[in-house]
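As provided, structure.tsv (TSV, C-alpha atoms and all ligand atoms) reads as follows.
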chain	number	residue	atom	x	y	z
A	16	MET	CA	18.12	-39.09	67.51
A	17	ASP	CA	16.30	-36.80	65.08
A	18	THR	CA	18.39	-34.10	63.50
A	19	THR	CA	16.96	-30.68	62.80
A	20	ILE	CA	17.32	-29.39	59.26
A	21	ASP	CA	16.87	-25.89	57.84
A	22	ARG	CA	13.26	-25.23	56.93
A	23	PRO	CA	12.54	-25.23	53.18
A	24	VAL	CA	11.12	-21.86	52.12
A	25	SER	CA	8.94	-20.94	49.15
A	26	ALA	CA	7.77	-17.60	47.71
A	27	ILE	CA	4.72	-19.26	46.09
A	28	ASP	CA	1.31	-17.60	46.65
A	29	PRO	CA	-1.18	-20.49	46.60
A	30	PHE	CA	-4.10	-18.02	46.44
A	31	SER	CA	-2.90	-16.07	43.41
A	32	ARG	CA	-4.91	-16.33	40.19
A	33	GLU	CA	-1.87	-17.73	38.44
A	34	PHE	CA	-1.54	-20.57	40.98
A	35	LEU	CA	-5.28	-21.32	41.07
A	36	ARG	CA	-5.55	-21.47	37.26
A	37	ASP	CA	-3.01	-24.29	37.09
A	38	PRO	CA	-1.90	-25.49	40.53
A	39	TYR	CA	-0.23	-28.73	39.48
A	40	PRO	CA	3.28	-27.50	38.58
A	41	HIS	CA	3.29	-25.54	41.84
A	42	HIS	CA	2.16	-28.61	43.77
A	43	ALA	CA	5.12	-30.52	42.33
A	44	ARG	CA	7.55	-27.81	43.46
A	45	LEU	CA	6.04	-27.76	46.94
A	46	ARG	CA	6.30	-31.56	47.23
A	47	GLU	CA	9.92	-31.46	46.08
A	48	ALA	CA	10.84	-28.61	48.44
A	49	GLY	CA	10.43	-30.90	51.46
A	50	PRO	CA	8.00	-32.64	53.79
A	51	VAL	CA	6.92	-29.23	55.09
A	52	VAL	CA	7.61	-25.83	53.53
A	53	TRP	CA	7.51	-22.29	54.94
A	54	LEU	CA	5.41	-19.97	52.74
A	55	GLU	CA	7.06	-16.65	53.46
A	56	GLN	CA	4.31	-14.48	51.90
A	57	TYR	CA	1.86	-15.60	54.55
A	58	GLY	CA	4.08	-16.80	57.39
A	59	ILE	CA	2.51	-20.27	57.34
A	60	TRP	CA	3.60	-23.86	56.80
A	61	ALA	CA	2.49	-26.01	53.87
A	62	MET	CA	2.42	-29.79	53.36
A	63	ALA	CA	1.97	-31.22	49.86
A	64	ARG	CA	3.13	-34.86	50.18
A	65	HIS	CA	0.60	-37.65	50.72
A	66	GLN	CA	2.24	-39.06	53.85
A	67	GLU	CA	2.53	-35.74	55.65
A	68	VAL	CA	-0.96	-34.54	54.70
A	69	ARG	CA	-2.42	-37.83	55.89
A	70	ASP	CA	-0.41	-37.79	59.13
A	71	ALA	CA	-1.53	-34.24	59.91
A	72	LEU	CA	-5.20	-35.03	59.22
A	73	THR	CA	-5.10	-38.05	61.52
A	74	ASP	CA	-3.41	-36.17	64.41
A	75	TRP	CA	-6.13	-33.77	65.56
A	76	GLN	CA	-4.47	-33.30	68.95
A	77	THR	CA	-1.43	-31.68	67.30
A	78	TYR	CA	-3.20	-30.17	64.29
A	79	CYS	CA	-6.41	-28.62	65.58
A	80	SER	CA	-9.44	-27.21	63.77
A	81	SER	CA	-10.85	-24.90	66.46
A	82	ALA	CA	-8.57	-22.01	65.39
A	83	GLY	CA	-10.26	-22.23	61.98
A	84	VAL	CA	-9.50	-24.37	58.94
A	85	GLY	CA	-8.68	-21.36	56.78
A	86	LEU	CA	-5.78	-18.92	56.82
A	87	SER	CA	-7.39	-16.76	59.49
A	88	ASP	CA	-6.47	-17.68	63.07
A	89	PHE	CA	-9.65	-17.37	65.16
A	90	ARG	CA	-7.49	-16.82	68.24
A	91	LYS	CA	-6.03	-13.67	66.68
A	92	GLU	CA	-8.84	-12.18	64.59
A	93	PRO	CA	-12.61	-12.48	64.75
A	94	PRO	CA	-14.10	-15.05	62.32
A	95	TRP	CA	-16.37	-13.67	59.55
A	96	ARG	CA	-19.25	-15.78	60.92
A	97	PRO	CA	-19.74	-17.74	64.16
A	98	PRO	CA	-17.47	-20.81	63.84
A	99	SER	CA	-18.98	-24.07	62.61
A	100	ILE	CA	-19.52	-26.44	65.54
A	101	ILE	CA	-18.41	-29.41	63.40
A	102	LEU	CA	-15.78	-28.18	60.90
A	103	GLU	CA	-14.14	-25.58	63.13
A	104	ALA	CA	-14.32	-27.56	66.37
A	105	ASP	CA	-12.16	-30.07	68.27
A	106	PRO	CA	-13.18	-32.82	70.67
A	107	PRO	CA	-15.12	-32.92	72.91
A	108	LEU	CA	-17.54	-30.50	71.17
A	109	HIS	CA	-16.76	-32.05	67.78
A	110	THR	CA	-17.36	-35.57	69.07
A	111	ARG	CA	-20.90	-34.71	70.15
A	112	THR	CA	-21.93	-32.86	66.97
A	113	ARG	CA	-20.22	-35.41	64.73
A	114	ALA	CA	-22.14	-38.29	66.33
A	115	VAL	CA	-25.43	-36.71	65.28
A	116	LEU	CA	-24.33	-36.04	61.71
A	117	THR	CA	-22.70	-39.47	61.34
A	118	ARG	CA	-26.06	-41.05	62.14
A	119	ILE	CA	-28.12	-38.80	59.84
A	120	MET	CA	-25.61	-39.14	56.96
A	121	SER	CA	-24.81	-42.85	57.37
A	122	PRO	CA	-24.74	-44.91	54.15
A	123	ALA	CA	-27.95	-46.70	55.22
A	124	ALA	CA	-29.74	-43.42	55.96
A	125	ILE	CA	-28.59	-41.89	52.67
A	126	ASN	CA	-29.65	-44.98	50.72
A	127	ILE	CA	-33.26	-44.06	51.53
A	128	LEU	CA	-32.78	-41.09	49.19
A	129	ARG	CA	-31.49	-43.25	46.33
A	130	ALA	CA	-34.75	-43.75	44.42
A	131	THR	CA	-35.53	-40.02	44.46
A	132	PHE	CA	-31.98	-39.02	43.48
A	133	GLU	CA	-31.98	-41.55	40.62
A	134	ARG	CA	-35.36	-40.40	39.34
A	135	GLU	CA	-34.23	-36.75	39.33
A	136	ALA	CA	-30.97	-37.69	37.59
A	137	GLU	CA	-32.79	-39.68	34.91
A	138	SER	CA	-35.21	-36.83	34.25
A	139	LEU	CA	-32.52	-34.13	34.02
A	140	VAL	CA	-30.13	-36.24	31.94
A	141	THR	CA	-32.87	-37.35	29.53
A	142	ARG	CA	-33.73	-33.70	28.93
A	143	LEU	CA	-30.10	-32.70	28.34
A	144	VAL	CA	-29.45	-35.63	26.01
A	145	ASP	CA	-32.54	-34.67	23.97
A	146	GLN	CA	-31.20	-31.13	23.87
A	147	ARG	CA	-27.80	-32.40	22.58
A	148	GLU	CA	-25.98	-29.22	23.61
A	149	PHE	CA	-25.82	-27.81	27.11
A	150	ASP	CA	-23.54	-26.17	29.64
A	151	GLY	CA	-22.06	-28.83	31.89
A	152	ILE	CA	-21.91	-26.42	34.82
A	153	ALA	CA	-25.16	-24.39	34.84
A	154	ASP	CA	-27.36	-27.07	33.28
A	155	LEU	CA	-26.01	-30.10	35.10
A	156	ALA	CA	-23.37	-29.62	37.83
A	157	GLU	CA	-25.37	-26.78	39.43
A	158	ALA	CA	-28.90	-27.77	38.45
A	159	TYR	CA	-28.79	-31.26	39.95
A	160	PRO	CA	-27.41	-30.57	43.45
A	161	LEU	CA	-29.52	-27.40	43.67
A	162	LYS	CA	-32.61	-29.57	43.22
A	163	VAL	CA	-31.90	-32.78	45.11
A	164	PHE	CA	-29.92	-31.47	48.08
A	165	PRO	CA	-32.26	-28.70	49.33
A	166	ASP	CA	-35.18	-31.09	48.74
A	167	ALA	CA	-33.42	-33.72	50.88
A	168	VAL	CA	-32.65	-31.23	53.67
A	169	GLY	CA	-36.20	-29.85	53.53
A	170	ILE	CA	-35.50	-26.25	52.46
A	171	SER	CA	-38.16	-23.99	50.91
A	172	GLU	CA	-38.03	-23.44	47.14
A	173	GLU	CA	-38.09	-19.72	47.71
A	174	GLY	CA	-34.62	-18.18	47.96
A	175	ARG	CA	-32.55	-21.15	46.78
A	176	GLU	CA	-30.62	-18.75	44.52
A	177	ASN	CA	-28.79	-17.75	47.72
A	178	LEU	CA	-27.17	-21.17	48.13
A	179	LEU	CA	-24.38	-20.81	45.53
A	180	PRO	CA	-23.45	-17.26	46.63
A	181	TYR	CA	-23.26	-18.50	50.24
A	182	GLY	CA	-21.03	-21.41	49.23
A	183	SER	CA	-18.76	-19.00	47.41
A	184	MET	CA	-18.51	-16.94	50.61
A	185	VAL	CA	-17.74	-19.99	52.74
A	186	PHE	CA	-15.04	-21.47	50.53
A	187	ASN	CA	-13.38	-18.20	49.52
A	188	SER	CA	-13.26	-17.21	53.19
A	189	PHE	CA	-10.76	-20.02	53.94
A	190	GLY	CA	-8.18	-18.05	51.93
A	191	PRO	CA	-6.69	-14.59	52.46
A	192	ARG	CA	-8.69	-11.38	52.10
A	193	ASN	CA	-7.80	-11.12	48.42
A	194	GLU	CA	-9.93	-10.07	45.43
A	195	LEU	CA	-11.72	-13.44	45.36
A	196	PHE	CA	-12.68	-13.08	49.01
A	197	ASN	CA	-13.92	-9.51	48.54
A	198	ALA	CA	-15.93	-10.35	45.42
A	199	ALA	CA	-17.61	-13.30	47.20
A	200	MET	CA	-18.50	-11.09	50.19
A	201	ALA	CA	-19.97	-8.25	48.09
A	202	ASN	CA	-23.60	-9.16	48.94
A	203	ALA	CA	-22.86	-11.04	52.15
A	204	GLY	CA	-25.55	-9.51	54.38
A	205	PRO	CA	-28.75	-10.56	52.58
A	206	VAL	CA	-27.29	-13.94	51.59
A	207	ARG	CA	-26.30	-14.74	55.17
A	208	ASP	CA	-29.67	-13.53	56.47
A	209	TRP	CA	-31.54	-15.86	54.12
A	210	ILE	CA	-29.31	-18.82	55.05
A	211	MET	CA	-29.83	-18.25	58.78
A	212	SER	CA	-33.59	-17.86	58.26
A	213	ARG	CA	-33.65	-21.39	56.77
A	214	CYS	CA	-31.89	-22.97	59.76
A	215	SER	CA	-34.71	-22.90	62.31
A	216	ARG	CA	-36.95	-25.84	63.14
A	217	ALA	CA	-39.98	-23.97	61.83
A	218	ALA	CA	-38.39	-23.39	58.41
A	219	LEU	CA	-37.67	-27.09	57.75
A	220	ALA	CA	-39.95	-29.59	56.02
A	221	PRO	CA	-41.03	-32.71	57.92
A	222	ASN	CA	-39.02	-35.89	57.12
A	223	GLY	CA	-35.94	-34.06	55.77
A	224	LEU	CA	-32.31	-34.27	56.90
A	225	GLY	CA	-32.67	-30.83	58.50
A	226	ILE	CA	-35.51	-31.73	60.85
A	227	GLN	CA	-33.63	-34.91	61.82
A	228	ILE	CA	-30.98	-32.66	63.36
A	229	PHE	CA	-33.66	-31.05	65.51
A	230	GLU	CA	-34.78	-34.51	66.62
A	231	ALA	CA	-31.38	-34.72	68.35
A	232	VAL	CA	-32.49	-31.73	70.48
A	233	ASP	CA	-35.53	-33.66	71.61
A	234	SER	CA	-33.29	-36.58	72.64
A	235	GLY	CA	-30.93	-34.27	74.58
A	236	GLU	CA	-27.86	-34.52	72.33
A	237	LEU	CA	-27.89	-30.91	71.10
A	238	SER	CA	-29.27	-27.53	72.08
A	239	GLU	CA	-31.80	-25.82	69.78
A	240	ALA	CA	-29.13	-23.27	68.78
A	241	GLU	CA	-26.62	-26.04	67.99
A	242	ALA	CA	-29.15	-27.79	65.77
A	243	GLY	CA	-29.58	-24.59	63.77
A	244	MET	CA	-25.81	-24.32	63.42
A	245	LEU	CA	-25.62	-27.87	62.04
A	246	VAL	CA	-28.30	-27.08	59.47
A	247	ARG	CA	-26.07	-24.13	58.52
A	248	SER	CA	-23.24	-26.67	58.06
A	249	PHE	CA	-25.43	-28.66	55.64
A	250	LEU	CA	-26.10	-25.50	53.63
A	251	SER	CA	-22.40	-24.53	53.74
A	252	ALA	CA	-20.91	-27.86	52.75
A	253	GLY	CA	-23.57	-29.61	50.71
A	254	ILE	CA	-23.85	-27.65	47.47
A	255	ASP	CA	-20.61	-26.20	46.09
A	256	THR	CA	-18.56	-29.29	46.86
A	257	THR	CA	-20.83	-31.48	44.74
A	258	VAL	CA	-21.32	-28.79	42.07
A	259	TYR	CA	-17.56	-28.61	41.57
A	260	GLY	CA	-17.23	-32.39	41.82
A	261	LEU	CA	-19.88	-33.13	39.17
A	262	GLY	CA	-18.48	-30.40	36.90
A	263	ASN	CA	-14.99	-31.84	37.23
A	264	ALA	CA	-16.34	-35.31	36.44
A	265	LEU	CA	-17.90	-34.11	33.17
A	266	TYR	CA	-14.71	-32.23	32.35
A	267	CYS	CA	-12.59	-35.36	32.89
A	268	PHE	CA	-14.83	-37.51	30.69
A	269	ALA	CA	-15.01	-34.87	27.94
A	270	SER	CA	-11.20	-34.62	28.04
A	271	TYR	CA	-10.53	-38.38	28.17
A	272	PRO	CA	-13.18	-40.01	25.93
A	273	GLU	CA	-11.47	-43.42	26.09
A	274	GLN	CA	-12.07	-43.40	29.86
A	275	TRP	CA	-15.76	-42.70	29.26
A	276	MET	CA	-15.84	-45.61	26.84
A	277	LEU	CA	-14.44	-47.93	29.55
A	278	LEU	CA	-17.10	-46.79	31.95
A	279	ARG	CA	-19.90	-47.32	29.43
A	280	GLU	CA	-18.68	-50.82	28.69
A	281	SER	CA	-18.46	-51.65	32.42
A	282	PRO	CA	-20.88	-49.61	34.53
A	283	ASN	CA	-19.47	-51.36	37.58
A	284	LEU	CA	-16.54	-48.95	37.13
A	285	ILE	CA	-18.74	-45.91	37.86
A	286	ARG	CA	-18.22	-45.91	41.61
A	287	GLY	CA	-14.44	-46.11	41.36
A	288	ALA	CA	-14.41	-43.63	38.49
A	289	PHE	CA	-15.85	-40.91	40.71
A	290	GLU	CA	-13.10	-41.57	43.26
A	291	GLU	CA	-10.59	-41.11	40.46
A	292	VAL	CA	-12.22	-37.79	39.51
A	293	LEU	CA	-11.90	-36.70	43.14
A	294	ARG	CA	-8.24	-37.72	43.17
A	295	PHE	CA	-7.38	-36.21	39.79
A	296	GLU	CA	-9.34	-32.92	39.94
A	297	ALA	CA	-10.13	-32.43	43.60
A	298	PRO	CA	-13.07	-30.03	44.07
A	299	VAL	CA	-11.73	-29.20	47.55
A	300	GLN	CA	-8.04	-28.41	47.10
A	301	THR	CA	-6.86	-27.35	50.56
A	302	PHE	CA	-7.65	-27.03	54.23
A	303	PHE	CA	-5.67	-25.56	57.11
A	304	ARG	CA	-4.94	-26.80	60.58
A	305	THR	CA	-3.25	-24.96	63.50
A	306	THR	CA	-0.54	-26.52	65.66
A	307	THR	CA	-1.33	-26.96	69.35
A	308	ARG	CA	2.32	-27.63	70.31
A	309	GLN	CA	5.84	-27.70	68.91
A	310	VAL	CA	6.15	-30.58	66.47
A	311	ASP	CA	8.90	-32.07	64.27
A	312	VAL	CA	8.04	-32.91	60.66
A	313	GLY	CA	10.82	-34.67	58.79
A	314	GLY	CA	13.44	-32.85	60.84
A	315	VAL	CA	11.81	-29.41	60.62
A	316	ARG	CA	10.56	-27.83	63.83
A	317	LEU	CA	7.11	-26.23	63.73
A	318	GLY	CA	6.19	-23.92	66.59
A	319	GLN	CA	2.97	-23.86	68.61
A	320	GLY	CA	-0.02	-21.90	67.28
A	321	GLU	CA	1.17	-21.93	63.65
A	322	LYS	CA	-1.04	-22.33	60.61
A	323	VAL	CA	-0.43	-25.36	58.35
A	324	LEU	CA	-1.86	-25.43	54.82
A	325	LEU	CA	-2.64	-29.00	53.75
A	326	PHE	CA	-2.63	-29.49	49.99
A	327	LEU	CA	-5.13	-32.35	49.60
A	328	ALA	CA	-4.92	-32.07	45.81
A	329	ALA	CA	-1.11	-32.25	45.84
A	330	ALA	CA	-1.20	-35.35	48.04
A	331	ASN	CA	-3.54	-36.84	45.43
A	332	ARG	CA	-0.80	-36.61	42.79
A	333	ASP	CA	2.23	-37.40	44.92
A	334	PRO	CA	4.44	-39.80	42.90
A	335	ARG	CA	5.62	-41.27	46.23
A	336	ARG	CA	2.08	-42.64	46.64
A	337	TRP	CA	0.62	-43.07	43.13
A	338	ASP	CA	1.73	-44.72	39.90
A	339	LYS	CA	1.43	-42.29	36.97
A	340	PRO	CA	-0.20	-39.69	39.24
A	341	ASP	CA	-0.98	-37.30	36.38
A	342	ALA	CA	-2.92	-39.91	34.39
A	343	PHE	CA	-6.73	-40.03	34.69
A	344	ASP	CA	-7.40	-43.75	34.96
A	345	VAL	CA	-10.85	-44.94	36.04
A	346	LYS	CA	-9.52	-48.46	36.58
A	347	ARG	CA	-7.01	-47.54	39.27
A	348	ARG	CA	-7.63	-47.93	42.99
A	349	ALA	CA	-8.12	-44.25	43.77
A	350	THR	CA	-9.35	-44.69	47.34
A	351	GLY	CA	-6.77	-43.21	49.63
A	352	HIS	CA	-7.11	-39.83	47.92
A	353	MET	CA	-7.32	-36.96	50.38
A	354	THR	CA	-10.25	-35.08	48.83
A	355	PHE	CA	-12.67	-36.23	51.54
A	356	GLY	CA	-9.94	-35.70	54.14
A	357	THR	CA	-9.45	-38.49	56.68
A	358	GLY	CA	-9.50	-38.90	60.45
A	359	ILE	CA	-12.14	-37.44	62.76
A	360	HIS	CA	-13.03	-34.63	60.31
A	361	GLY	CA	-13.26	-36.88	57.24
A	362	CYS	CA	-16.19	-35.82	55.04
A	363	VAL	CA	-19.44	-36.75	56.80
A	364	GLY	CA	-21.42	-36.21	53.57
A	365	GLN	CA	-19.41	-38.54	51.36
A	366	ALA	CA	-22.22	-41.10	50.97
A	367	LEU	CA	-24.46	-38.32	49.65
A	368	ALA	CA	-21.74	-37.05	47.28
A	369	ARG	CA	-21.24	-40.57	45.93
A	370	LEU	CA	-24.98	-41.07	45.53
A	371	GLU	CA	-25.27	-37.88	43.45
A	372	SER	CA	-22.33	-38.80	41.22
A	373	GLU	CA	-23.49	-42.38	40.69
A	374	ALA	CA	-27.01	-41.28	39.83
A	375	ILE	CA	-25.73	-38.77	37.25
A	376	LEU	CA	-22.95	-40.89	35.73
A	377	SER	CA	-25.25	-43.95	35.48
A	378	ALA	CA	-27.94	-41.92	33.74
A	379	PHE	CA	-25.41	-40.58	31.22
A	380	ALA	CA	-23.73	-43.97	30.71
A	381	LYS	CA	-26.98	-45.44	29.37
A	382	ARG	CA	-27.43	-42.68	26.80
A	383	VAL	CA	-24.13	-41.01	25.89
A	384	ALA	CA	-21.39	-42.41	23.63
A	385	SER	CA	-19.15	-39.37	24.14
A	386	PHE	CA	-19.04	-35.77	25.37
A	387	GLU	CA	-17.59	-33.24	22.91
A	388	LEU	CA	-16.07	-29.99	24.12
A	389	MET	CA	-17.69	-27.18	22.11
A	390	GLY	CA	-15.32	-24.48	23.32
A	391	GLN	CA	-12.73	-23.65	25.94
A	392	PRO	CA	-14.05	-24.32	29.47
A	393	GLU	CA	-13.59	-21.31	31.75
A	394	PRO	CA	-12.36	-21.80	35.32
A	395	ARG	CA	-14.31	-20.49	38.30
A	396	LEU	CA	-11.50	-19.41	40.60
A	397	ASN	CA	-12.00	-19.88	44.33
A	398	ASN	CA	-9.56	-19.79	47.26
A	399	THR	CA	-10.42	-23.39	48.20
A	400	LEU	CA	-12.36	-25.04	45.39
A	401	ARG	CA	-11.20	-26.07	41.94
A	402	GLY	CA	-13.73	-26.23	39.14
A	403	LEU	CA	-15.34	-24.61	36.16
A	404	ASP	CA	-17.57	-21.64	35.43
A	405	THR	CA	-18.59	-22.85	31.97
A	406	LEU	CA	-18.26	-26.21	30.21
A	407	PRO	CA	-19.87	-26.11	26.74
A	408	LEU	CA	-20.73	-29.69	25.77
A	409	ARG	CA	-22.32	-31.54	22.90
A	410	ILE	CA	-23.47	-35.10	23.37
A	411	VAL	CA	-23.03	-37.92	20.91
A	412	PRO	CA	-25.91	-40.24	21.77
A	413	VAL	CA	-25.50	-44.01	21.96
A	501	LIG	C1	-15.46	-29.64	53.76
A	501	LIG	S1	-16.59	-28.59	53.23
A	501	LIG	C2	-17.40	-27.86	54.63
A	501	LIG	C3	-17.72	-28.63	55.73
A	501	LIG	C4	-18.38	-28.07	56.81
A	501	LIG	C5	-18.74	-26.72	56.78
A	501	LIG	C6	-18.41	-25.97	55.66
A	501	LIG	C7	-17.74	-26.53	54.60
A	501	LIG	C8	-19.44	-26.11	57.93
A	501	LIG	O1	-19.83	-24.93	57.83
A	501	LIG	O2	-19.64	-26.77	58.95
Starting from the coordinates I provided, produce the structure as structure tokens.
Amino acid sequence: MDTTIDRPVSAIDPFSREFLRDPYPHHARLREAGPVVWLEQYGIWAMARHQEVRDALTDWQTYCSSAGVGLSDFRKEPPWRPPSIILEADPPLHTRTRAVLTRIMSPAAINILRATFEREAESLVTRLVDQREFDGIADLAEAYPLKVFPDAVGISEEGRENLLPYGSMVFNSFGPRNELFNAAMANAGPVRDWIMSRCSRAALAPNGLGIQIFEAVDSGELSEAEAGMLVRSFLSAGIDTTVYGLGNALYCFASYPEQWMLLRESPNLIRGAFEEVLRFEAPVQTFFRTTTRQVDVGGVRLGQGEKVLLFLAAANRDPRRWDKPDAFDVKRRATGHMTFGTGIHGCVGQALARLESEAILSAFAKRVASFELMGQPEPRLNNTLRGLDTLPLRIVPV
């Protein structure tokens, strides 16, 4: 027999500037409060332990995505844009759209891009190393994905400056309608119009990832409108996530030079090192689910139709799961982190994210003895993402 216990309650606001600037002490308090915690400010549940986050992500029948994966409940208020047919969908719709993206984004399919991604990484990194000083965010973490990803999708050069503002809209919109949300939405109309204009068959280059989605229309798997919506998903998910991830990687290696030294000595550590970056400084910090039924979590009863905030980044540092969770250690087995999620919604672009990080870290590893911080990095606060606005670096060449 399970016994019901009083629900743990917290007054924490996980979307306040104070929380977002340094979430880790708050994560620890949320983990300690219990397996699931009621956040009274928002009237939602939160899970911050690895086991519970993982269990929720792998039980899509209880924890659904079709009511939105942000704070807003699509069944109670209109979404700010038509819902994504992959991220904000459940089976059977999700199963059909996911099958198409799984094929286009498979490791084998993404490997075809490797030579191009490596060449672009070598060329950018060579230039930055010659320059000695650069901003790790604008000059690398933004510049690289903004070149290779739209090229791979087959997006026109014209208008690419809309991609980062759109990403900011998407990821801030998963939080409450706070200042961050309002600032991101300030120029929403033109940005959204440009994005949608890039999602049609006619706007996409031949041979890119985008046109491959439309090939699934020709084979009867998708409608023309659905294909356009999946191109929108590429443009929503494919830039900011990797911008924040690459920026966090540089920040970790500038902060822990002995870890960079290990990686230089053994380049075979590069792949695992990026997983450790994702565990330690998760670019995507949170996602929501919505309960489809009453459910018991560690003796606490959750009702039907309730929002549950999953702290991926807190699961990544849960001492119940990890040895020395607050240590950045490129030699640890970091797989099992929750930054890519898991289950049916697990990141479909993860092969591409890994390709980008390996190309960049390998190019640096050949040329850079250490990264020196030239000043205080400034955070770029976002309701969902964790990363930097500026990262002034100087390189010590090999
Ligand atoms: C996990 S990041 C992300 C994934 C998918 C979409 C947006 C963001 C989308 O729009 O489908």
Once you count all atoms listed in the file, what closest atom pair and distance in Å to one decimal does each residue of chain A within 6 Å of ligand LIG 501 (chain A) have, with rows by chain and rising residue number, as a Markdown table?
| residue | atom | partner | partner_atom | distance |
| --- | --- | --- | --- | --- |
| A:Ser99 | CA | A:LIG501 | O2 | 4.6 |
| A:Ile101 | CA | A:LIG501 | O2 | 5.3 |
| A:Leu102 | CA | A:LIG501 | O2 | 4.5 |
| A:Ser248 | CA | A:LIG501 | O2 | 3.7 |
| A:Ser251 | CA | A:LIG501 | C6 | 4.7 |
| A:Ala252 | CA | A:LIG501 | C7 | 3.9 |
For the point (1.8, -38.5, 55.7) in the file's frame, write as a compact mmCIF listing (two decimals) with C-alpha atoms, in the coordinates of the input all residues with an atom no more than 12 Å away, counting all atoms listed in the file.
# COMPACT_ATOMS: atom_id res chain seq x y z
CA ARG A 46 6.30 -31.56 47.23
CA PRO A 50 8.00 -32.64 53.79
CA VAL A 51 6.92 -29.23 55.09
CA MET A 62 2.42 -29.79 53.36
CA ALA A 63 1.97 -31.22 49.86
CA ARG A 64 3.13 -34.86 50.18
CA HIS A 65 0.60 -37.65 50.72
CA GLN A 66 2.24 -39.06 53.85
CA GLU A 67 2.53 -35.74 55.65
CA VAL A 68 -0.96 -34.54 54.70
CA ARG A 69 -2.42 -37.83 55.89
CA ASP A 70 -0.41 -37.79 59.13
CA ALA A 71 -1.53 -34.24 59.91
CA LEU A 72 -5.20 -35.03 59.22
CA THR A 73 -5.10 -38.05 61.52
CA ASP A 74 -3.41 -36.17 64.41
CA VAL A 312 8.04 -32.91 60.66
CA GLY A 313 10.82 -34.67 58.79
CA LEU A 325 -2.64 -29.00 53.75
CA PHE A 326 -2.63 -29.49 49.99
CA LEU A 327 -5.13 -32.35 49.60
CA ALA A 330 -1.20 -35.35 48.04
CA ASN A 331 -3.54 -36.84 45.43
CA ASP A 333 2.23 -37.40 44.92
CA ARG A 335 5.62 -41.27 46.23
CA ARG A 336 2.08 -42.64 46.64
CA GLY A 351 -6.77 -43.21 49.63
CA HIS A 352 -7.11 -39.83 47.92
CA MET A 353 -7.32 -36.96 50.38
CA THR A 357 -9.45 -38.49 56.68
Interface rows for segment 315-370 of chain A against segment 275-290 of chain A: nearest pair, Å to one decimal, 7 Å, all atoms listed in the file, as CSV:
residue,atom,partner,partner_atom,distance
A:Val345,CA,A:Ala288,CA,4.5
A:Ala349,CA,A:Glu290,CA,5.7
A:Thr350,CA,A:Glu290,CA,6.4
Using only C-alpha atoms: which of A:Ala203, A:Leu293, A:Arg213, A:Gly151 has the shortest distance to Asp404 of chain A: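 Among the listed residues, A:Gly151 lies closest to Asp404 of chain A.
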Atomic separation - atom CA of Thr77 of chain A relative to atom CA of Glu55 of chain A, Å: 22.1 Å
Counting all atoms listed in the file, the residue of A:Val315, A:Ala269, A:Leu324, A:Ala156 that sits nearest Val411 of chain A: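 The closest residue to Val411 of chain A is A:Ala269.
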Residue among A:Trp337, A:Phe302, A:Phe249, A:Tyr259 lying closest to Ile100 of chain A, counting all atoms listed in the file: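 For Ile100 of chain A, the nearest of the given residues is A:Phe249.
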One-decimal distance in Å that lies between atom CA of Leu108 of chain A and atom CA of Leu219 of chain A: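 Taking atom CA of Leu219 of chain A and atom CA of Leu108 of chain A, their separation equals 24.4 Å.
With distances taken over all atoms listed in the file, A:Leu370 is the one residue among A:Leu370, A:Ile228, A:Ala217, A:Leu388 lying closest to Ile127 of chain A.
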Computed interatomic separation between atom CA of Thr301 of chain A and atom CA of Gly260 of chain A (Å): 14.5 Å
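Remark: for Ala167 of chain A, the closest of the candidate residues A:Ile119, A:Val185, A:Val144, A:Leu54 is A:Ile119 (distances computed over all atoms listed in the file).
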Which residue of A:Arg401, A:Arg96, A:Arg308, A:Arg294 approaches Pro340 of chain A most closely, using only C-alpha atoms: A:Arg294
